[in-house]
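Remarks on the structure that follows.
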Amino acid sequence: MAKAKVVAKEKVIAMPNIVSPNKPVTFNEDICNGCNHCVEVCQIDVYLHNPQKGNPPMILHPDECWYCGCCVNDCPRPGAIAFNWPLEQRGYWKNKATGEVHQI
Amino acid sequence: MSTWHDYLKEEGHAPDWPYPIRYDQEQEVNSDVLVIGGGIAGCWAAISAARLGLSVVLVEKGDTIRSGAGGPGCDHWCNAPANPLSNVDPDEWAEHMADRPYGNGIGVQIQCREDWDTLLEMEQMGGKIRDTKDEYKGAEGRDAKTKLMISPRYTKVHSYVPGMIKPITFKSNPEGKLNNVVIRVWGSTFKPALKKECKRLGVKIYDRVMVTSLLNENGIQGGRVVGATGVNNRTGEFLVFKSKSAVLATAGGGSMWMINTELSGYSNMMSRTITGDGTVMAWRAGASLTNMENTGVLRIATGLKHKWYTGAGDASYENVPLVDARGKRLPLPIQGWEDAGAMAPTMKVEEEIRQGIKTGKYELPFYGDFPAMAAVERRATWNLMLGEESTTKIIIDTFNKAGYNESRDLLQSYKYIEGNSLPQWGEPGYGGGVLVDWNLKTTLDGLYAAGTQMFSPEDHSYAAATGRYAGRKAAAYAREAVEPKISRAQIDREKKRVYAPIKRTGGMDWKELHAGIARTMQFYVSEFKTENLLKMGLGTLSKIEKESVPLLFAMDPHKLMRSLEDTSLLTYAQIIIQAMLKRKASSLPLNFRRIDYPELDPPEWNKYLTLALKDGKVKTGSLPQAFWGNMKKQYEAHNKEYAGVYKKK
């Protein structure tokens, strides 16, 4: 899941609403080496190469993602990229023995 | 930083477009055979034409490595009655499949005759089709000798609903043994292997290029197809493809039914990229289309993405018993060995469950009882079937990473708690496509079609087998054909149309146009169809064409592609309504109901309607059911030279 960023002081600028969902995936910058394989396998061209070489790609068209999963499935460095389902799409399950209900 | 907004905040400016901009620049590409669309059908068409020694160009809107509906994977190789474990004769099975009204007997005959050969070739290329690591020893349907894994799907009849098709006794299977026509496969290995084979054979691949139009000989609509135009969706470069023949291997127009401009991947089962481009370019070139009034059931909402549908129309629950919140078994089919692989409940069962929910007999929510399954069957469903199916691979991985354990936990179903799709949201146009003959040739010389692009298509293995077939037929035509003569005037006209949105700096963006078209169809092509409503729909679309399309603007080559896609969708929508206006009758198999013509399937309307554009006017015609003739005889007459499985050189 995406982690919220906490910044002490931030300049407030005028921005339009962001499209939602905004982060179909999250990157682990410690594992990702910026090979851009995910950019190539994306059916939709959701990503752009990061202008800074070696860094994870930028998500440019999150609203076009159809969650086919190719970018995560084919990533050569496991853990570098993870799915981040929008809140309204997170599935449930139930422990058969205890009845405890969980959600993604 | 991973989003655009983060970048803007951190850098203080928007990122530069990372690809060189080449608007108005032009490149000419020549080949014997041009394949449009690099999904399953397109890759197979390119491979089969290249194996015959012809020069082949393959053009794909995404990247061939994973593009198309079958790009991420495939869990079932359906309708391979020629496989060694099958108990039915391929011709008899094909005839049974084609017995459904408004199907495509040509395509299913090709599929039934050739898709086992196609699968063996897939294996030659590196696709995994057998349980070579003995991971599923003991699973029902697994053959110890061949290590093939037969699926329970269509084990008795080719039917989605139990009782929909009467159980028949096949002459080739008099004892009524299981048919064994569907094979489980490791389809996530397929697409990269297909791209690799294309490259090995010297197919020239143009990824990230959207084909925008077909070129007719001398620019005359209805004439031989001699190439196509395209635009690179990263650089904006214009491409002119000149070829002796072409295979159209694009898809339908499912994205039209995405009403929401955001969450697009969730409001429909189909990808954003399925925008009817191929159908529309064939239409503009003068090809005949058919079945465009056919209406699917819109797979809208959440049921088919990341959540599980209960026993209806989706593979999610194969062999999984379905239980209510108290653990009571539900009478829903489980798409498994015990119900012959039926996928949807009968009306009677559906009603019984609805009543049961109201009276407290069944308590919501419902669950898939994975823990109750035999371990090997559970693994076959969870890891092999869902793990290899197109977009479910990522779903099971994500569930497991979040802590779901299929041997311990029940998986929730949403079928009754989220409600059904609204009745007015059908999927008109579903099953419509280009009319083809026994060579998979369209009504235009030089133009062939395969996979979802044909009328009444089937699934992944169908796309593969028909792509492979269309490729060799297009190659045979190209071998004899004279040099193509393209028209500069036609190219210039198309270039002007293609670049119009980037010449404007403001106006209407593609998302607004998209939603406008979708809403028009929702209003006027809904559950209640009348001559008047359909004409109002056509009127609104025409207003959009005159007033909104000239305002379309695109800020970069990617958005240019989306804009062009939506102009395709607009035409696609108009064709659907034209077809609906022509059919003055209702039909159950077409899921098409007109209030002003309520009688279901009157005999005089029991026919395919065809539409083609001629001199700017829509010309209609009709074809009788089973117009393809005797399937076995026709197939054999057209394939005397067929050599079976490719011998790798």
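Letters A, B, ... go to the chains of the structure tokens in the order shown; residues in each chain start at 1; ligands are counted from 1 in the same order.
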
Selection: 8 Å around Gly69 (chain A), only C-alpha atoms, excl. self and same-chain fewer than 5 positions, as number ranges by chain: A: 83; B: 72, 391, 393-394

Region 28-267 of chain B: residues DSSP assigns to strand (DSSP E), reported as JSON, numbers by chain: {"B": [28, 29, 30, 31, 32, 33, 34, 35, 36, 56, 57, 58, 59, 76, 77, 149, 150, 183, 184, 204, 205, 206, 209, 210, 211, 212, 213, 214, 215, 216, 225, 226, 227, 228, 229, 230, 231, 232, 238, 239, 240, 241, 242, 243, 244, 245, 246, 247, 248]}

Contact set, chain B to chain A: 6 Å, only C-alpha atoms, as a list in words: Ser2, Thr3, Trp4, Gly62, Arg66, Ser67, Pro72, Glu262, Leu263, Gly265, Ser271, Lys307, Thr391, Ile394, Ala402, Asp409, Leu410, Leu411 and Gln412 of chain B

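Counting only C-alpha atoms and comparing B:Pro18, B:Gly507, B:Pro602, B:Gly37, the residue that lies closest to His558 (chain B) is B:Pro18.
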
Atom pair CA of Lys415 (chain B) / CA of Phe366 (chain B): separation (Å):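 About the pair CA of Lys415 (chain B) and CA of Phe366 (chain B): they are 8.3 Å apart.
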
Residue neighbourhood Glu293 (chain B), 7 Å, only C-alpha atoms, exclusion window fewer than 6 positions, as a PyMOL selection string: chain B and resi 428-429+576+579-580

Pull N, CA and C atoms from the residues just selected and write them as an mmCIF file, in the first residue's frame.
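Okay, part-v1.cif is ready:
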```
data_model
loop_
_atom_site.group_PDB
_atom_site.id
_atom_site.type_symbol
_atom_site.label_atom_id
_atom_site.label_comp_id
_atom_site.auth_asym_id
_atom_site.auth_seq_id
_atom_site.Cartn_x
_atom_site.Cartn_y
_atom_site.Cartn_z
ATOM 1 N N PRO B 428 -23.980 -3.394 -26.657
ATOM 2 C CA PRO B 428 -24.237 -3.468 -28.097
ATOM 3 C C PRO B 428 -22.935 -3.433 -28.892
ATOM 4 N N GLY B 429 -22.935 -4.142 -29.975
ATOM 5 C CA GLY B 429 -21.735 -4.191 -30.803
ATOM 6 C C GLY B 429 -20.869 -5.397 -30.484
ATOM 7 N N ILE B 576 -23.321 0.754 -35.044
ATOM 8 C CA ILE B 576 -24.199 -0.073 -34.197
ATOM 9 C C ILE B 576 -25.657 0.376 -34.371
ATOM 10 N N ALA B 579 -27.115 -0.536 -37.710
ATOM 11 C CA ALA B 579 -27.465 -1.963 -37.772
ATOM 12 C C ALA B 579 -28.756 -2.223 -37.006
ATOM 13 N N MET B 580 -28.906 -1.561 -35.875
ATOM 14 C CA MET B 580 -30.114 -1.773 -35.058
ATOM 15 C C MET B 580 -31.364 -1.258 -35.753
#
```

Distance of CA of Glu427 (chain B) from CA of Ser255 (chain B), expressed in Å to one decimal place: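 Separation between CA of Ser255 (chain B) and CA of Glu427 (chain B): 9.9 Å.
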